[in-house]
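Okay, so here's the structure we're looking at.
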Amino acid sequence: MWHATVLTIFPDMFPGPLGQSLAGKALTTGVWRLEAHDIRTHATDRHRTVDDTPAGGGPGMVMKADVLARAIDAALTPNDERPRLLMSPRGTPLTQARVEALARGPGALFVCGRFEGIDERVIEARGLEEISVGDYVLSGGEIAAFSLIDACVRLLPGVMGKEASAAEESFAQGLLEYPHYTRPQVFEGRAIPDVLLGGDHARIKAFRQSEAERLTRERRPDLWARHGSPSMGSTDTHAIVLADADGIIRLFSPGAKRLFGHDAKAAIGQTLDLIVPPDYRERHWQGFRAAIANGSPKYEDAAANIPILCRDGTVTRFPGRLVFLRNAGGRAVGAMGIFLANDAYSGPPLPDL
Ligand code: SAH
């Protein structure tokens with residue numbers, strides 16, 4: 001059972017919002033388990049003090065290392081392999097990928113800071129991993145823990161209904177989600193987009209995909225830049241092939257030689273047929289010429305698994321993207337392909353080109 005243990009000086013805050021709705025139902029049906037332990041019970045003095053003034057001076061108070069360490073030790077079960085997370089604005093920004101990984105695991109220990117922060121030494125001594133829920137400052141870690149636990153619990157098997165399919169949501173594919181509509185068909189003069197009412201599932205899917213891409217491009221250039229773009233990794237894993245407007249190879253990088261096998265010197269001056277598999281040539285040249293001529297390349301800026309004819313005669317798909325190069329007048333003067341080794345690619349699944 002997915003097991004969340006929270007360390008806080010406000011245990012009465014829990015389960016709070018996590019006791020309602022989907023998470024709350026899953027809590028009562030035993031899909032997951034939540035314990036909130038009061039850090040204060042591990043204080044030793046009469047006033048049950050958990051904080052003290054900062055060494056070196058300055059404002060606020062600091063949560064004491066010794067008290068918190070005792071609370072952590074008491075909360076962990078023998079051989080507890082759960083990650084120990086400290087809610088902290090200094091932490092690694094939380095992502096859906098991390099949430100998914102946590103939800104797949106056994107649960108976690110959530111340490112909620114208060115005051116100015118917690119003594120650095122307990123972070124080191126207990127191997128706490130700092131996680132931030134955003135670039136803003138909360139007054140305590142509890143609300144951050146609510147967010148993180150909620151995000152994990154809704155992914156546990158059986159918690160969400162089929163309708164709330166996690167696979168299509170924001171971030172799951174590295175994109176924001178497409179917009180939603182429901183009845184009435186016209187609201188204050190605004191109609192539901194026609195395509196959604198037509199019942200053509202392929203068109204609906206394409207519409208949603210393009211809306212998700214548009215929204216991500218407009219609102220989150222940071223996500224968009226990462227989306228489907230092969231993470232570059234070490235520079236010698238990627239291959240770059242540059243061709244002029246006639247499709248003659250002008251540059252064949254060392255990575256291209258490594259990935260595709262062709263000798264760089266011999267490749268330069270040949271047409272792209274060197275690396276375009278015979279079955280694709282007709283399509284390739286049609287697309288290439290159209291892109292050069294009218295400047296609306298269909299494949300531009302979309303990452304895909306691109307088939308390459310390698311030197312040994314085999315055809316292998318490599319994650320990559322094609323970019324058309326333009327001069328100042330907007331005229332296409334050539335094209336560039338950038339490819340990664342398959343094992344160097346770590347992004348979302350790519351479509352075949
Ligand atoms: N002085 C600290 C902020 C302390 S806020 C600083 O400037 O970094 C008090 C507690 O709230 C923190 O110890 C942490 O547990 C929690 N907290 C505040 N903002 C947070 C955030 N963005 N993500 C996760 N936890 C946060």
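In the structure tokens, chains take letters A, B, ... by order of appearance, with residues numbered from 1 within each chain and ligands from 1 in the order shown.
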Could you give me, as number ranges by chain, the residues within 9 Å of Val111 in chain A, counting only C-alpha atoms and dropping anything in the same chain fewer than 6 positions from it? A: 5-8, 68, 72, 84-87, 128, 141-142, 145
Taking C-alpha atoms for each residue, export the selection above as a CSV table (one decimal), in the first residue's frame.
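Listing of again_24.csv after writing:
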```csv
chain,number,residue,atom,x,y,z
A,5,THR,CA,4.3,9.7,6.4
A,6,VAL,CA,4.2,13.4,7.1
A,7,LEU,CA,6.3,15.1,9.7
A,8,THR,CA,4.8,18.4,10.8
A,68,LEU,CA,13.7,16.7,13.7
A,72,ILE,CA,12.5,11.2,11.3
A,84,ARG,CA,12.7,11.2,2.4
A,85,LEU,CA,11.5,14.5,1.0
A,86,LEU,CA,11.9,17.9,2.5
A,87,MET,CA,9.4,20.4,1.2
A,128,LEU,CA,16.6,14.5,2.8
A,141,GLY,CA,5.7,22.8,4.1
A,142,GLU,CA,2.3,21.3,4.8
A,145,ALA,CA,3.1,18.3,1.0
```
Identify all residues of range 10-259 of chain A in strand (DSSP E or B) (DSSP on the backbone) and supply them as an MDAnalysis selection string. chainID A and resid 32:38 51:52 62:63 84:93 107:111 117:118 129:132 186:187 190:191 238:244 248:252
Excluding Ala266 in chain A and residues on its chain fewer than 6 positions from it, collect all residues at most 12 Å away from it, counting only C-alpha atoms, and give them as a VMD selection string. chain A and resid 249 to 252 257 274 311
What do you get as a ChimeraX atom specification if you pick all residues at most 10 Å from ligand 1, counting only C-alpha atoms and all ligand atoms? /A:8,59-63,85-94,110-119,130-145,147-148
What parts of range 132-197 of chain A does DSSP call alpha helix (DSSP H)? I'd like the answer as a VMD selection string. chain A and resid 141 to 153
Keeping only N, CA and C atoms, write those residues as a CSV table (one decimal), in the first residue's frame.
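Result went into result_33.csv, see below:
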```csv
chain,number,residue,atom,x,y,z
A,141,GLY,N,5.7,23.8,5.1
A,141,GLY,CA,5.7,22.8,4.1
A,141,GLY,C,4.4,22.0,3.9
A,142,GLU,N,3.5,22.2,4.8
A,142,GLU,CA,2.3,21.3,4.8
A,142,GLU,C,1.5,21.5,3.5
A,143,ILE,N,1.3,22.7,3.0
A,143,ILE,CA,0.5,22.9,1.8
A,143,ILE,C,1.3,22.4,0.6
A,144,ALA,N,2.6,22.4,0.6
A,144,ALA,CA,3.4,21.8,-0.4
A,144,ALA,C,3.2,20.3,-0.4
A,145,ALA,N,3.2,19.7,0.8
A,145,ALA,CA,3.1,18.3,1.0
A,145,ALA,C,1.7,17.9,0.5
A,146,PHE,N,0.6,18.7,0.8
A,146,PHE,CA,-0.7,18.4,0.2
A,146,PHE,C,-0.7,18.3,-1.3
A,147,SER,N,0.0,19.2,-1.9
A,147,SER,CA,0.0,19.2,-3.4
A,147,SER,C,0.7,18.0,-3.9
A,148,LEU,N,1.9,17.7,-3.3
A,148,LEU,CA,2.7,16.6,-3.8
A,148,LEU,C,1.9,15.2,-3.6
A,149,ILE,N,1.4,15.1,-2.4
A,149,ILE,CA,0.7,13.8,-2.0
A,149,ILE,C,-0.5,13.7,-2.9
A,150,ASP,N,-1.3,14.7,-3.1
A,150,ASP,CA,-2.5,14.7,-4.0
A,150,ASP,C,-2.1,14.3,-5.4
A,151,ALA,N,-1.0,14.9,-5.9
A,151,ALA,CA,-0.6,14.6,-7.3
A,151,ALA,C,-0.2,13.1,-7.4
A,152,CYS,N,0.4,12.6,-6.4
A,152,CYS,CA,0.8,11.1,-6.4
A,152,CYS,C,-0.5,10.2,-6.3
A,153,VAL,N,-1.3,10.5,-5.3
A,153,VAL,CA,-2.4,9.6,-5.0
A,153,VAL,C,-3.3,9.4,-6.2
```
With only C-alpha atoms as the atoms that count, which of A:Ala293, A:Met336, A:Ala97, A:Ala191 lies nearest to Ile248 in chain A?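 Looking at the shortest contact to Ile248 in chain A, the residue is A:Met336.
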Record the distance separating CA of Ala26 in chain A and CA of Arg104 in chain A, expressed in Å with one decimal.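 Those two atoms sit 15.8 Å apart.
Among A:Ala74, A:Ala55, A:Ala335, A:Ala167, the residue with the shortest atom-to-atom distance to Pro348 in chain A, counting only C-alpha atoms, is A:Ala167.
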Could you give me, as a PyMOL selection string, the residues within 6 Å of Ala304 in chain A, counting only C-alpha atoms and dropping anything in the same chain fewer than 4 positions from it? chain A and resi 319-320+350-353
Writing out the chosen residues with N, CA and C atoms as an mmCIF file, in the first residue's frame:
```
data_model
loop_
_atom_site.group_PDB
_atom_site.id
_atom_site.type_symbol
_atom_site.label_atom_id
_atom_site.label_comp_id
_atom_site.auth_asym_id
_atom_site.auth_seq_id
_atom_site.Cartn_x
_atom_site.Cartn_y
_atom_site.Cartn_z
ATOM 1 N N PRO A 319 15.921 9.054 -33.871
ATOM 2 C CA PRO A 319 15.171 10.237 -33.454
ATOM 3 C C PRO A 319 15.866 11.489 -33.968
ATOM 4 N N GLY A 320 15.116 12.343 -34.601
ATOM 5 C CA GLY A 320 15.748 13.545 -35.135
ATOM 6 C C GLY A 320 14.722 14.545 -35.610
ATOM 7 N N LEU A 350 8.246 9.246 -30.225
ATOM 8 C CA LEU A 350 8.131 10.070 -31.432
ATOM 9 C C LEU A 350 7.376 9.306 -32.515
ATOM 10 N N PRO A 351 6.675 10.045 -33.380
ATOM 11 C CA PRO A 351 6.028 9.380 -34.515
ATOM 12 C C PRO A 351 7.069 8.982 -35.552
ATOM 13 N N ASP A 352 6.744 7.983 -36.355
ATOM 14 C CA ASP A 352 7.618 7.618 -37.463
ATOM 15 C C ASP A 352 7.425 8.622 -38.589
ATOM 16 N N LEU A 353 8.507 8.962 -39.251
ATOM 17 C CA LEU A 353 8.394 9.856 -40.415
ATOM 18 C C LEU A 353 8.130 8.995 -41.632
#
```
In Å, rounded to a single decimal, give me how far CA of Asp244 in chain A is from CA of Thr314 in chain A. 25.1 Å
Near-range 275-289 of chain A list (12 Å; only C-alpha atoms; drop same-chain fewer than 6 positions) as number ranges by chain: A: 241-249, 252, 256-257, 259-264, 267-268, 295-300, 306-318, 322-325, 332-337, 353
